[in-house]
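The structure appears below as structure tokens.
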Amino acid sequence: MNPIQRGRQLISNVASGTGKVLNKAQDVVGDAAGAVKNTVVAGGRAVGNAVDGFEKTAAKGAQAVGGVFGFGNQPDRVHDGKFVGAGGQTFSPDTPLSQIPAVTPRNNPNPSQTILYVNGINTSKDAQASSLQSIADTSGARVIGIHNATEGMAADLAQCVKDKLDKGHNPAVDTLADTLYNEIKSGRDVHLMAHSQGGLISSRALGDVYKRLRIEDGMSQGDAQKMMGKISVETFGAAAMHYPDGPKYVHYVNRADPVPSLFGLGPVADKWNPAVDGGKGSKVHHFTEPHLNPIAAHGFESVYLQHRVPFDQAREGNFGN
């Protein structure tokens with residue numbers, strides 16, 4: 001049974017208690033996902049013409065599902081777009097990074113490097129705090145989170161669609177864009193990591209930063225991209241298909257993960273897929289780690305963080321295999 005069929009079966013089981021509204025949403029989302037799947041042809045080349053149609057159709061399906069499960073009623077929403085620091089403490093988006101107590105590696109309380117991390121869907125603030133510690137221990141850096149709040153799976157998926165269309169207000173996008181802009185304008189380098197929807201949020205925020213540099217600061221294309229070269233980005237199983245030129249990118253894609261395979265950079269090198277763009281000079285590391293449950297192949301700590309190598313090593317194309 002493929003991932004789309006598993007998704008249909010799962011929604012069908014839930015629908016037994018929710019009636020025809022959810023069944024209708026299942027059909028819309030399932031048919032839309034099938035449309036995207038059918039755009040992948042021999043050799044991994046994707047025909048991107050169906051993407052916009054998929055996003056619009058999936059939005060309708062996600063909204064119908066949200067009508068059953070509810071939108072905006074989750075307690076995690078109060079943390080949306082806030083910084084997350086040591087001990088799971090949250091801080092308002094206008095807090096200077098220097099004033100946020102970061103999560104530090106267990107074996108090094110005084111690291112010199114700082115990493116920002118944006119989480120994916122269906123992740124509470126406390127779950128993100130756990131990921132921050134794992135990143136710190138793995139990377140040897142101090143880590144600060146920008147929280148992408150969860151309001152339930154249906155609402156999160158609807159927000160993903162809006163992010164792909166660059167529509168609507170997402171507090172995590174705003175916080176990240178403002179932080180990146182302020183840091184590079186102050187002459188400081190920034191290191192960003194993002195998983196799943198966090199990659200989509202990062203793509204959108206980076207695009208906003210580029211627009212601000214061009215429009216507000218009147219920079220040329222070359223100067224704006226040079227300024228954005230102060231940003232280092234690592235994505236893991238991201239749902240974004242496009243990233244602006246300028247930053248230094250490393251993208252990790254598990255071919256067995258349906259999220260980046262269907263909605264991100266895809267299971268093959270982007271040079272064979274004209275529908276995607278990882279950013280000029282990006283390094284994309286494809287690996288294969290299948291799981292019986294395809295969703296398990298999307299795990300950040302259990303899968304992707306295990307394949308990460310130091311950023312400079314990754315930029316040289318050396319992923320240790």
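Chain labels A, B, ... are given in the sequence in which chains occur in the structure tokens; within each chain residues are numbered consecutively from 1, and ligands are likewise numbered from 1 in the order shown.
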Region 144-283 of chain A: residues DSSP assigns to strand (DSSP E or B), reported as a ChimeraX atom specification: /A:144-146,190-195,231-236,242,248-254,277,283
List every residue of region 82-103 of chain A that has an atom at most 6 Å from any atom of region 135-149 of chain A, giving for each one its closest atom pair and the distance in Å to one decimal, counting only C-alpha atoms, sorted by chain and then by ascending residue number, as CSV.
residue,atom,partner,partner_atom,distance
A:Lys82,CA,A:His147,CA,5.6
A:Phe83,CA,A:Ile146,CA,4.6
A:Val84,CA,A:Gly145,CA,4.6
A:Gly85,CA,A:Ile144,CA,5.4
A:Ala102,CA,A:Ile144,CA,5.3
A:Val103,CA,A:Val143,CA,5.1
N, CA and C atoms of the current selection, written as a CSV table (one decimal), in the first residue's frame:
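For reference, out_15.csv as written:
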chain,number,residue,atom,x,y,z
A,82,LYS,N,7.0,32.7,18.5
A,82,LYS,CA,7.9,33.1,19.6
A,82,LYS,C,9.2,32.4,19.5
A,83,PHE,N,10.2,33.0,20.1
A,83,PHE,CA,11.5,32.3,20.3
A,83,PHE,C,11.3,31.2,21.4
A,84,VAL,N,12.0,30.1,21.3
A,84,VAL,CA,12.1,29.1,22.3
A,84,VAL,C,13.5,28.9,22.8
A,85,GLY,N,13.8,29.1,24.1
A,85,GLY,CA,15.1,29.0,24.6
A,85,GLY,C,15.3,27.9,25.6
A,102,ALA,N,20.0,30.4,25.2
A,102,ALA,CA,19.9,29.3,24.3
A,102,ALA,C,20.1,27.9,24.9
A,103,VAL,N,19.6,26.9,24.2
A,103,VAL,CA,19.9,25.5,24.6
A,103,VAL,C,21.4,25.2,24.2
Residue neighbourhood Met228 (chain A), 10 Å, only C-alpha atoms, exclusion window fewer than 5 positions, as an MDAnalysis selection string: chainID A and resid 180:181 184:185 189:190 206 209:210 213 222:223 244:248
Best match for closeness to Asp163 (chain A) among A:Gly229, A:Ser202, A:Arg315, A:Arg214, counting only C-alpha atoms: A:Ser202
List as a tab-separated table every residue of region 149-239 of chain A that is in contact with region 293-310 of chain A, defined as an atom at most 9 Å from one of its atoms (using only C-alpha atoms), together with the nearest atom pair and the distance in Å rounded to one decimal, sorted by chain and then rising number.
residue	atom	partner	partner_atom	distance
A:His195	CA	A:Phe300	CA	6.7
A:Ser196	CA	A:His298	CA	8.0
A:Phe236	CA	A:Tyr304	CA	6.2
A:Gly237	CA	A:His298	CA	6.4
Interatomic distance, CA of Glu289 (chain A) to CA of Tyr252 (chain A) (Å, one decimal): 12.0 Å
Residue nearest Ala86 (chain A) among A:Leu116, A:Pro260, A:Leu132, A:Ser124 (counting only C-alpha atoms):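 Using only C-alpha atoms, Ala86 (chain A) sits closest to A:Leu132.
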Among listed residues A:Ile231, A:Ile201, A:Ile121, A:Asn254, nearest Thr175 (chain A) (using only C-alpha atoms): A:Ile201
Every residue of region 71-263 of chain A that DSSP places in alpha helix (DSSP H), as an NGL selection string: :A and (125-139 or 153-164 or 171-185 or 197-215 or 221-228 or 258-263)
Distance query Leu200 (chain A) at most 7 Å, only C-alpha atoms, self and fewer than 4 positions along chain excluded, as a VMD selection string: chain A and resid 163 to 164 204 238 to 240
